[in-house]
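*Asks:* For reference, the file start07.tsv (TSV, C-alpha atoms and all ligand atoms) is included below:
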chain	number	residue	atom	x	y	z
A	17	MET	CA	-87.89	121.73	95.36
A	18	ARG	CA	-84.40	122.42	94.09
A	19	PRO	CA	-83.17	118.83	93.92
A	20	ARG	CA	-86.32	117.82	92.09
A	21	LEU	CA	-85.66	120.52	89.51
A	22	LEU	CA	-82.13	119.25	88.99
A	23	ARG	CA	-83.37	115.67	88.44
A	24	SER	CA	-85.79	116.99	85.91
A	25	ARG	CA	-83.01	118.71	83.97
A	26	GLN	CA	-80.90	115.58	84.13
A	27	SER	CA	-83.79	113.63	82.77
A	28	LEU	CA	-84.26	116.12	79.94
A	29	ALA	CA	-80.58	115.98	79.19
A	30	GLY	CA	-80.71	112.21	79.01
A	31	THR	CA	-83.64	112.36	76.66
A	32	SER	CA	-81.88	114.84	74.42
A	33	ARG	CA	-79.17	112.28	73.66
A	34	VAL	CA	-81.76	110.11	72.10
A	35	ALA	CA	-83.72	112.81	70.43
A	36	PHE	CA	-80.67	114.68	69.21
A	37	GLY	CA	-77.75	113.40	67.21
A	38	TRP	CA	-74.10	114.09	67.70
A	39	SER	CA	-71.78	115.06	64.97
A	40	ARG	CA	-68.17	116.14	65.04
A	41	GLY	CA	-68.35	116.73	68.72
A	42	PHE	CA	-71.39	118.99	68.64
A	43	ALA	CA	-74.92	118.20	69.50
A	44	VAL	CA	-77.02	118.89	66.44
A	45	GLU	CA	-80.74	118.75	66.34
A	46	GLN	CA	-81.87	116.10	63.90
A	47	SER	CA	-84.64	117.04	61.54
A	48	SER	CA	-85.23	113.76	59.79
A	49	ILE	CA	-85.57	110.10	60.52
A	50	PHE	CA	-82.55	109.29	58.40
A	51	SER	CA	-80.27	111.66	60.26
A	52	GLN	CA	-81.52	110.29	63.56
A	53	ARG	CA	-80.12	106.92	62.49
A	54	LEU	CA	-76.69	108.50	62.38
A	55	THR	CA	-76.74	109.01	66.12
A	56	ALA	CA	-73.37	108.20	67.65
A	57	CYS	CA	-72.55	106.39	70.84
A	58	SER	CA	-70.31	109.15	71.98
A	59	VAL	CA	-69.35	112.63	71.13
A	60	GLY	CA	-66.87	112.78	68.28
A	61	SER	CA	-67.66	109.42	66.80
A	62	ARG	CA	-67.82	109.32	62.98
A	63	ARG	CA	-68.93	105.73	62.62
A	64	PRO	CA	-72.30	105.35	64.25
A	65	ILE	CA	-72.63	101.66	63.47
A	66	GLN	CA	-73.18	99.85	66.71
A	67	LEU	CA	-76.73	98.97	67.59
A	68	GLY	CA	-78.20	98.53	71.01
A	69	HIS	CA	-76.39	99.58	74.13
A	70	CYS	CA	-73.31	101.73	73.88
A	71	PRO	CA	-70.44	101.37	76.28
A	72	GLY	CA	-71.41	103.13	79.40
A	73	GLY	CA	-75.04	102.16	79.13
A	74	ARG	CA	-76.30	104.76	76.68
A	75	GLN	CA	-78.83	103.70	74.06
A	76	SER	CA	-77.84	103.80	70.39
A	77	ARG	CA	-80.06	103.92	67.31
A	78	ALA	CA	-77.21	103.82	64.80
A	79	ALA	CA	-77.49	101.67	61.65
A	80	PHE	CA	-75.79	102.18	58.28
A	81	THR	CA	-74.16	104.99	56.46
A	82	LEU	CA	-75.61	105.94	53.10
A	83	ILE	CA	-72.71	104.37	51.23
A	84	GLU	CA	-73.08	101.09	53.07
A	85	LEU	CA	-76.77	101.06	52.29
A	86	LEU	CA	-76.08	101.62	48.60
A	87	VAL	CA	-73.53	98.80	48.59
A	88	VAL	CA	-76.06	96.39	50.09
A	89	VAL	CA	-78.68	97.40	47.54
A	90	SER	CA	-76.19	96.93	44.71
A	91	VAL	CA	-75.24	93.46	45.92
A	92	ILE	CA	-78.90	92.45	46.15
A	93	ALA	CA	-79.56	93.77	42.64
A	94	LEU	CA	-76.55	91.85	41.34
A	95	LEU	CA	-77.74	88.61	42.94
A	96	ILE	CA	-81.21	89.06	41.47
A	97	SER	CA	-79.79	89.67	38.00
A	98	ILE	CA	-77.75	86.46	38.31
A	99	LEU	CA	-80.52	84.28	39.72
A	100	LEU	CA	-83.49	85.41	37.62
A	101	PRO	CA	-82.32	83.91	34.29
A	102	ALA	CA	-81.53	80.63	36.02
A	103	LEU	CA	-84.94	80.54	37.68
A	104	SER	CA	-86.63	81.43	34.40
A	105	ALA	CA	-84.78	78.65	32.56
A	106	ALA	CA	-85.73	76.15	35.25
A	107	ARG	CA	-89.36	77.21	34.98
A	108	ARG	CA	-89.37	76.78	31.21
A	109	ALA	CA	-87.75	73.36	31.54
A	110	SER	CA	-90.40	72.20	34.01
A	111	GLN	CA	-93.17	73.51	31.72
A	112	GLN	CA	-91.69	71.52	28.86
A	113	VAL	CA	-91.69	68.34	30.93
A	114	VAL	CA	-95.34	68.89	31.89
A	115	CYS	CA	-96.29	69.54	28.26
A	116	LEU	CA	-94.57	66.35	27.10
A	117	SER	CA	-96.38	64.39	29.80
A	118	ASN	CA	-99.69	65.97	28.76
A	119	MET	CA	-99.23	64.86	25.20
A	120	ARG	CA	-98.42	61.33	26.28
A	121	HIS	CA	-101.75	61.26	28.09
A	122	VAL	CA	-103.62	62.47	25.00
A	123	GLY	CA	-101.87	59.88	22.84
A	124	LEU	CA	-102.62	57.18	25.39
A	125	GLY	CA	-106.30	58.15	25.19
A	126	ALA	CA	-106.23	57.65	21.41
A	127	ILE	CA	-104.58	54.25	21.75
A	128	LEU	CA	-107.02	53.10	24.44
A	129	TYR	CA	-109.90	54.14	22.21
A	130	ALA	CA	-108.39	52.12	19.35
A	131	GLN	CA	-108.11	49.04	21.55
A	132	ASP	CA	-111.86	49.24	22.09
A	133	ASN	CA	-112.65	49.97	18.44
A	134	SER	CA	-111.06	47.43	16.08
A	135	ASP	CA	-107.57	48.77	16.77
A	136	GLN	CA	-108.30	52.01	14.91
A	137	VAL	CA	-107.86	55.55	16.17
A	138	TRP	CA	-110.99	57.68	16.50
A	139	PRO	CA	-112.51	59.47	13.52
A	140	VAL	CA	-112.21	63.18	12.90
A	141	ASN	CA	-115.95	63.62	13.32
A	142	VAL	CA	-119.00	61.44	13.67
A	143	ASP	CA	-120.83	62.80	10.65
A	144	GLY	CA	-118.33	61.65	8.06
A	145	GLY	CA	-117.99	65.11	6.61
A	146	VAL	CA	-115.40	67.82	6.93
A	147	SER	CA	-115.04	69.12	10.45
A	148	ILE	CA	-116.11	72.72	10.79
A	149	PRO	CA	-116.13	74.63	14.09
A	150	PRO	CA	-117.87	74.71	16.47
A	151	ILE	CA	-118.15	70.91	16.21
A	152	GLY	CA	-114.46	70.19	15.56
A	153	GLY	CA	-112.55	66.98	16.18
A	154	ALA	CA	-114.63	64.23	17.74
A	155	TRP	CA	-111.77	63.41	20.10
A	156	ALA	CA	-112.44	66.77	21.79
A	157	ARG	CA	-116.17	67.30	21.46
A	158	LEU	CA	-119.20	65.63	20.00
A	159	PRO	CA	-122.63	66.86	18.96
A	160	GLY	CA	-125.01	67.14	21.88
A	161	LYS	CA	-128.46	65.62	22.09
A	162	GLU	CA	-130.08	68.87	21.11
A	163	GLU	CA	-129.26	70.51	17.83
A	164	GLY	CA	-126.54	73.12	18.07
A	165	THR	CA	-125.17	71.80	21.36
A	166	VAL	CA	-121.90	69.99	22.03
A	167	ARG	CA	-120.62	67.63	24.70
A	168	PRO	CA	-117.12	66.41	25.63
A	169	GLY	CA	-115.48	64.13	23.06
A	170	TYR	CA	-113.93	60.66	23.07
A	171	LEU	CA	-110.86	61.71	25.06
A	172	TYR	CA	-113.03	62.17	28.15
A	173	ASP	CA	-113.96	58.49	28.03
A	174	TYR	CA	-110.33	57.43	28.42
A	175	VAL	CA	-108.51	60.17	30.33
A	176	SER	CA	-109.89	61.23	33.69
A	177	ASN	CA	-108.14	64.58	34.05
A	178	VAL	CA	-108.58	66.15	30.62
A	179	ASP	CA	-109.16	69.55	32.16
A	180	GLN	CA	-105.66	69.40	33.65
A	181	ILE	CA	-103.69	67.97	30.72
A	182	ALA	CA	-105.27	69.30	27.54
A	183	GLU	CA	-103.26	72.50	27.27
A	184	CYS	CA	-99.60	73.42	27.46
A	185	PRO	CA	-98.44	75.23	30.64
A	186	MET	CA	-97.09	77.91	28.31
A	187	ASN	CA	-100.48	78.50	26.72
A	188	ARG	CA	-100.92	82.22	26.07
A	189	ARG	CA	-104.08	82.35	24.01
A	190	SER	CA	-106.29	85.30	24.75
A	191	THR	CA	-109.40	83.14	24.43
A	192	SER	CA	-110.64	80.22	22.42
A	193	ARG	CA	-114.31	80.26	23.40
A	194	ASP	CA	-116.94	79.86	20.77
A	195	ASP	CA	-119.93	82.17	20.52
A	196	GLY	CA	-121.69	80.21	23.24
A	197	GLY	CA	-118.77	80.66	25.66
A	198	ARG	CA	-117.75	76.99	25.42
A	199	ASN	CA	-114.17	75.81	25.22
A	200	MET	CA	-112.94	73.48	22.50
A	201	PHE	CA	-114.02	70.50	24.57
A	202	GLY	CA	-117.61	71.63	24.86
A	203	GLY	CA	-117.27	72.67	28.48
A	204	ASP	CA	-117.38	75.98	30.26
A	205	THR	CA	-114.13	75.61	32.22
A	206	PRO	CA	-111.14	77.94	31.64
A	207	LEU	CA	-109.45	75.09	29.77
A	208	ASP	CA	-107.80	76.21	26.54
A	209	PHE	CA	-106.20	74.05	23.87
A	210	ASP	CA	-102.82	73.40	22.29
A	211	TYR	CA	-102.84	69.79	21.15
A	212	THR	CA	-104.63	68.94	17.94
A	213	MET	CA	-105.14	65.72	16.00
A	214	VAL	CA	-103.35	65.18	12.70
A	215	ALA	CA	-106.60	65.03	10.75
A	216	ASN	CA	-105.56	62.60	8.02
A	217	THR	CA	-104.45	59.95	10.47
A	218	GLN	CA	-108.04	59.20	11.46
A	219	GLY	CA	-108.64	55.48	11.58
A	220	ALA	CA	-104.93	54.60	11.84
A	221	ARG	CA	-104.45	50.99	12.89
A	222	LEU	CA	-102.29	50.09	15.84
A	223	ASP	CA	-100.79	47.10	14.01
A	224	ARG	CA	-99.55	49.07	10.99
A	225	HIS	CA	-96.28	50.93	10.89
A	226	THR	CA	-96.54	53.84	8.48
A	227	LEU	CA	-93.49	56.01	7.94
A	228	MET	CA	-93.96	59.74	8.06
A	229	GLY	CA	-91.63	62.50	6.89
A	230	HIS	CA	-91.60	66.07	5.64
A	231	ILE	CA	-90.00	68.01	2.83
A	232	THR	CA	-87.11	70.32	3.63
A	233	ARG	CA	-87.62	73.01	0.99
A	234	ALA	CA	-91.07	74.34	1.74
A	235	GLU	CA	-90.01	77.77	0.47
A	236	LEU	CA	-90.00	76.39	-3.07
A	237	TYR	CA	-93.80	76.29	-3.11
A	238	PRO	CA	-96.36	79.07	-2.69
A	239	ILE	CA	-98.05	78.96	0.67
A	240	TRP	CA	-101.53	78.12	-0.55
A	241	ASN	CA	-100.42	75.81	-3.38
A	242	LEU	CA	-99.71	72.34	-2.17
A	243	PRO	CA	-96.26	70.87	-2.68
A	244	PRO	CA	-96.14	68.09	-5.31
A	245	LEU	CA	-97.77	64.72	-4.76
A	246	VAL	CA	-94.35	63.13	-4.67
A	247	PRO	CA	-91.26	65.10	-3.58
A	248	PRO	CA	-88.88	66.03	-6.39
A	249	THR	CA	-85.94	63.74	-6.97
A	250	GLY	CA	-83.05	64.64	-4.76
A	251	MET	CA	-85.08	66.45	-2.09
A	252	SER	CA	-84.44	64.99	1.31
A	253	VAL	CA	-87.43	63.84	3.37
A	254	PRO	CA	-86.38	63.50	7.01
A	255	ARG	CA	-88.44	60.93	8.87
A	256	LEU	CA	-90.29	61.47	12.08
A	257	SER	CA	-89.86	58.91	14.83
A	258	GLY	CA	-93.30	57.44	14.16
A	259	LEU	CA	-96.73	58.22	12.74
A	260	ALA	CA	-97.69	61.54	14.32
A	261	ILE	CA	-101.30	61.52	15.54
A	262	PHE	CA	-101.23	64.66	17.72
A	263	VAL	CA	-99.10	67.79	17.56
A	264	GLU	CA	-98.71	70.86	19.71
A	265	GLU	CA	-100.30	73.33	17.35
A	266	ARG	CA	-98.69	76.70	16.80
A	267	THR	CA	-100.74	79.52	18.26
A	268	GLN	CA	-99.14	82.54	16.70
A	269	TYR	CA	-100.26	82.12	13.17
A	270	PHE	CA	-103.79	81.17	12.14
A	271	ASN	CA	-104.84	79.32	15.29
A	272	GLU	CA	-105.49	81.93	17.91
A	273	ARG	CA	-109.22	81.44	17.62
A	274	TYR	CA	-109.84	78.40	15.46
A	275	PRO	CA	-110.71	75.63	17.90
A	276	ASP	CA	-111.42	72.79	15.48
A	277	GLY	CA	-109.06	70.44	17.34
A	278	LEU	CA	-107.47	69.32	14.07
A	279	TRP	CA	-104.12	69.82	12.45
A	280	SER	CA	-104.15	70.09	8.67
A	281	ASN	CA	-103.55	72.38	5.71
A	282	GLY	CA	-101.58	75.49	6.81
A	283	ASP	CA	-101.41	74.59	10.49
A	284	GLN	CA	-97.95	74.66	12.00
A	285	ILE	CA	-96.15	73.09	14.94
A	286	GLU	CA	-95.26	75.18	17.98
A	287	THR	CA	-91.78	76.58	18.57
A	288	ARG	CA	-92.23	77.70	22.19
A	289	HIS	CA	-90.09	74.92	23.65
A	290	LYS	CA	-86.54	75.77	22.60
A	291	GLY	CA	-87.70	76.20	19.01
A	292	GLY	CA	-89.96	73.17	18.94
A	293	GLY	CA	-93.29	71.69	19.92
A	294	HIS	CA	-94.31	68.25	21.10
A	295	VAL	CA	-95.58	65.45	18.90
A	296	VAL	CA	-97.16	62.19	20.02
A	297	TYR	CA	-97.08	59.09	17.86
A	298	LEU	CA	-99.31	56.11	17.21
A	299	GLU	CA	-96.48	53.95	18.53
A	300	GLY	CA	-97.11	55.45	21.98
A	301	HIS	CA	-94.16	57.77	22.46
A	302	ALA	CA	-93.84	61.54	22.28
A	303	ASP	CA	-90.93	63.85	21.53
A	304	LEU	CA	-89.92	67.42	20.77
A	305	PHE	CA	-90.07	68.34	17.08
A	306	LYS	CA	-88.30	71.46	15.83
A	307	PRO	CA	-89.91	72.62	12.57
A	308	ILE	CA	-88.12	74.55	9.86
A	309	MET	CA	-89.41	78.10	10.16
A	310	GLY	CA	-88.96	81.42	8.45
A	311	ARG	CA	-87.34	84.44	10.03
A	312	VAL	CA	-90.41	86.40	11.08
A	313	ASP	CA	-92.39	84.97	13.95
A	314	ARG	CA	-95.79	86.45	13.31
A	315	VAL	CA	-95.86	86.11	9.55
A	316	HIS	CA	-96.77	82.99	7.60
A	317	GLU	CA	-93.75	82.62	5.36
A	318	ARG	CA	-93.13	80.16	2.54
A	319	ARG	CA	-90.28	78.67	4.48
A	320	ASP	CA	-92.54	77.77	7.41
A	321	LEU	CA	-93.12	74.05	7.71
A	322	ASP	CA	-96.83	73.29	7.91
A	323	ALA	CA	-99.18	70.33	7.55
A	324	ASN	CA	-99.07	70.60	3.74
A	325	ASP	CA	-95.39	69.65	3.81
A	326	PHE	CA	-95.81	66.22	5.41
A	327	TYR	CA	-95.68	62.91	3.57
A	328	VAL	CA	-96.21	59.24	4.32
A	329	ARG	CA	-94.29	56.34	2.86
A	330	VAL	CA	-96.11	54.24	0.29
A	331	ALA	CA	-94.22	51.25	-1.12
A	332	SER	CA	-90.87	52.78	-2.02
A	333	ARG	CA	-91.81	56.45	-2.28
A	334	TRP	CA	-93.29	59.30	-0.32
A	335	VAL	CA	-96.81	60.58	-0.93
A	336	ARG	CA	-98.29	63.80	0.34
A	337	LEU	CA	-100.53	63.48	3.40
A	338	GLU	CA	-102.81	66.45	2.73
A	339	LEU	CA	-105.54	66.96	0.16
A	340	ARG	CA	-106.77	70.38	-0.87
A	341	SER	CA	-107.69	72.89	1.79
A	342	GLY	CA	-110.55	71.67	3.95
A	343	GLU	CA	-110.61	68.14	2.49
A	344	LEU	CA	-109.82	65.04	4.45
A	345	HIS	CA	-108.89	61.52	3.47
A	346	PRO	CA	-111.52	58.93	4.34
A	347	TYR	CA	-111.42	57.18	7.68
A	348	GLY	CA	-108.64	54.58	7.62
A	349	TRP	CA	-106.92	55.91	4.48
A	350	ILE	CA	-103.62	56.10	6.33
A	351	ASN	CA	-103.48	52.31	6.64
A	352	ASN	CA	-103.36	51.80	2.90
A	353	PRO	CA	-102.58	55.19	1.39
A	354	GLU	CA	-103.24	55.39	-2.32
A	355	ILE	CA	-101.37	57.82	-4.48
A	356	SER	CA	-104.13	58.42	-7.04
A	357	LEU	CA	-105.07	61.63	-5.31
A	358	PRO	CA	-107.32	64.16	-7.05
A	401	ZN	ZN	-96.02	72.87	25.29
Hey, can you dump this file as structure tokens for me?

*Replies:*
Amino acid sequence: MRPRLLRSRQSLAGTSRVAFGWSRGFAVEQSSIFSQRLTACSVGSRRPIQLGHCPGGRQSRAAFTLIELLVVVSVIALLISILLPALSAARRASQQVVCLSNMRHVGLGAILYAQDNSDQVWPVNVDGGVSIPPIGGAWARLPGKEEGTVRPGYLYDYVSNVDQIAECPMNRRSTSRDDGGRNMFGGDTPLDFDYTMVANTQGARLDRHTLMGHITRAELYPIWNLPPLVPPTGMSVPRLSGLAIFVEERTQYFNERYPDGLWSNGDQIETRHKGGGHVVYLEGHADLFKPIMGRVDRVHERRDLDANDFYVRVASRWVRLELRSGELHPYGWINNPEISLP
């Protein structure tokens, strides 16, 4: 019996080297998981780093000291702080590319429609009157067969994946559903909207080249009073790169829940892409347009460039594109713009 008792004590002693830690030459009972990780390979060791088998065959559960752990955490935090801005910038850049591509698709839809309809871009609405939600721009939705209903608009006849390309990847609207729960396109999908038709370009002909520009001193005019019919002498009117037919409409002011699909009056152009929004032109291209804006983001300021500040070139002078609030030029006006406006 004696030898068996001795083996048992040896076994217990062996176990105690795992269950107990060693510090400064003394065996000290460990009371926490963390302190167990400080177990040394041998008595007197102050650097319990080595994992696995210790010299001599003893097992070790040593890992890191507290300081080493903190250093590792600090390095990881530093790497994250360096990489996150780069990743965020890359994400924004890719979203901008997708948005630009989306707008090209929308513009292509308008041009394809024109090719089937006497070379003229689609009308604002099919009733000839002013577009009022929930009907909105005919490019997006049309009246349904039954009164009070809507169905998808002309764009769906020419672009197969409207539900994938009709909103910017950076869309942050809370909702744009009408009272019936329909989106701007007359459907019940989660699709939102960002791209709206420049209302007074309805009926634009593909074979005309109409110059378009905007005033640079919008702050000279009260917000709800239109700028003059013809810009004052000496005011510069920078040109756009074509006749804008669709713009990426600014969400922040006035358009959070106004899904008419049209851009006119006080509507603005987005600034979410490096201070600009995308514009697609009758000529078939699209680009990033950076509007002149005031200092406060969520306030409609006089300095903000909006649809009232845009002009088209007639003969040798510029003429304002917009009528009074809510009024539209007749279908095709843009092809032969008259300056005898009311
Ligand atoms: Zn966008």

*Asks:* Closest to Thr249 (chain A) among A:Tyr327, A:Gly197, A:Arg221, A:Arg333, using all atoms listed in the file?

*Replies:*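 Smallest distance to Thr249 (chain A) is found for A:Arg333.
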
*Asks:* For Ala260 (chain A), which of A:Phe80, A:Phe305, A:Tyr347, A:Tyr172 is the closest residue, counting only C-alpha atoms?

*Replies:* A:Phe305

*Asks:* Kindly work out which residues sit at most 7 Å from ligand ZN 401 (chain A), using all atoms listed in the file, and give the list as a list in words.

*Replies:*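 Sorted by chain and then by number, the residues are Gln112, Cys115, Leu116, Cys184, Pro185, Met186, Glu264, Arg288, His289, Gly293 and His294 of chain A.
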
*Asks:* Counting only C-alpha atoms, find residues at most 12 Å from (-91.4, 84.9, 16.2) (file frame) and give them as number ranges by chain.

*Replies:* A: 266-269, 286-288, 291, 309-317, 320

*Asks:* With C-alpha atoms retained, export the selected residues as a PDB file, in the coordinates of the input.

*Replies:*
ATOM      1  CA  ARG A 266     -98.690  76.700  16.800  1.00  0.00           C
ATOM      2  CA  THR A 267    -100.740  79.520  18.260  1.00  0.00           C
ATOM      3  CA  GLN A 268     -99.140  82.540  16.700  1.00  0.00           C
ATOM      4  CA  TYR A 269    -100.260  82.120  13.170  1.00  0.00           C
ATOM      5  CA  GLU A 286     -95.260  75.180  17.980  1.00  0.00           C
ATOM      6  CA  THR A 287     -91.780  76.580  18.570  1.00  0.00           C
ATOM      7  CA  ARG A 288     -92.230  77.700  22.190  1.00  0.00           C
ATOM      8  CA  GLY A 291     -87.700  76.200  19.010  1.00  0.00           C
ATOM      9  CA  MET A 309     -89.410  78.100  10.160  1.00  0.00           C
ATOM     10  CA  GLY A 310     -88.960  81.420   8.450  1.00  0.00           C
ATOM     11  CA  ARG A 311     -87.340  84.440  10.030  1.00  0.00           C
ATOM     12  CA  VAL A 312     -90.410  86.400  11.080  1.00  0.00           C
ATOM     13  CA  ASP A 313     -92.390  84.970  13.950  1.00  0.00           C
ATOM     14  CA  ARG A 314     -95.790  86.450  13.310  1.00  0.00           C
ATOM     15  CA  VAL A 315     -95.860  86.110   9.550  1.00  0.00           C
ATOM     16  CA  HIS A 316     -96.770  82.990   7.600  1.00  0.00           C
ATOM     17  CA  GLU A 317     -93.750  82.620   5.360  1.00  0.00           C
ATOM     18  CA  ASP A 320     -92.540  77.770   7.410  1.00  0.00           C
TER      19      ASP A 320
END

*Asks:* Quick one, how far is CA of Arg224 (chain A) from CA of Glu183 (chain A)?

*Replies:*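 Atom-to-atom, CA of Arg224 (chain A) and CA of Glu183 (chain A) are spaced 28.8 Å apart.
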
*Asks:* Between A:Leu128, A:Leu298, A:Val88, A:Leu158, single out the one closest to Ile261 (chain A), counting only C-alpha atoms.

*Replies:*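 The shortest atom-to-atom distance to Ile261 (chain A) comes from A:Leu298.
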
*Asks:* Measure the distance from CA of Ile308 (chain A) to CA of Arg329 (chain A) in Å and round it to one decimal.

*Replies:* 20.5 Å

*Asks:* Suppose you want the space between CA of Lys161 (chain A) and CA of Phe201 (chain A); what is it in Å?

*Replies:*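 Interatomic distance, CA of Lys161 (chain A) to CA of Phe201 (chain A): 15.4 Å.
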
*Asks:* What lies within 12 Å of Asp208 (chain A) using only C-alpha atoms, ignoring chain neighbours under 2 positions off, as a VMD selection string?

*Replies:* chain A and resid 156 178 to 194 197 to 206 210 to 212 267 272 to 275 277

*Asks:* When distances are computed from all atoms listed in the file, which of A:Leu242, A:Val328, A:Met213, A:Val296 shows the smallest separation from Pro254 (chain A)?

*Replies:* A:Val328
